[in-house]
Amino acid sequence: MNLPELEKQLRDEGFRNTYVWEDGPDRRYSDHTHPVETAHIILDGEMTVTVHGQSATYRAGERCDVPAKTTHAARMGPAGCRYLIGEK
């Protein structure tokens with residue numbers, strides 16, 4: 001994966017702020033919201049996101065978008081997760 005290209009893609013879609021974040025194995029985030037729409041492009045590892053009781057697991061190369069003010073939870077995989085975040 002080409003990080004500069006992914007960052008450009010997000011900026012072209014209107015995501016003003018982009019950065020790489022990394023979480024350790026099995027890291028969990030309980031229900032929370034963000035004031036802005038977020039995009040998460042998985043670079044390494046995996047992340048399971050739960051929205052409205054529905055869970056989906058995302059792996060390297062996959063993308064998860066979460067609308068602004070949407071309650072969600074996240075759990076990282078056994079190897080952790082490194083991902084590119086975009087914020088509108």
# chains A, B, ... in the order shown; residues from 1 in each chain; ligands from 1
call {"tool": "residues_around", "arguments": {"residues": "segment 21-29 of chain A", "least_positions_apart": "3", "cutoff": "8 Å", "atoms": "only C-alpha atoms", "output": "number ranges by chain"}}
result
A: 32, 73-85
call {"tool": "select_by_dssp", "arguments": {"residues": "chain A", "states": "strand (DSSP E)", "output": "ChimeraX atom specification"}}
result
/A:17-23,28-32,38-51,54-59,63-66,72-87
call {"tool": "closest_residue", "arguments": {"among": "A:Val51, A:Ala56, A:Val66, A:Ile42", "to": "Val20 of chain A", "atoms": "only C-alpha atoms"}}
result
A:Ile42
call {"tool": "atom_distance", "arguments": {"atom1": "atom CA of His52 of chain A", "atom2": "atom CA of Gln9 of chain A"}}
result
27.7 Å
call {"tool": "residues_around", "arguments": {"residues": "Thr50 of chain A", "least_positions_apart": "4", "cutoff": "6 Å", "atoms": "only C-alpha atoms", "output": "list of chain:residue names"}}
result
A:Gln54, A:Ser55, A:His72, A:Ala73
call {"tool": "atom_distance", "arguments": {"atom1": "atom CA of Thr33 of chain A", "atom2": "atom CA of Ala68 of chain A"}}
result
7.3 Å
call {"tool": "closest_residue", "arguments": {"among": "A:Val36, A:Pro4, A:Gly61, A:Thr71", "to": "Val49 of chain A", "atoms": "only C-alpha atoms"}}
result
A:Thr71
call {"tool": "atom_distance", "arguments": {"atom1": "atom CA of Glu37 of chain A", "atom2": "atom CA of Thr70 of chain A"}}
result
8.7 Å
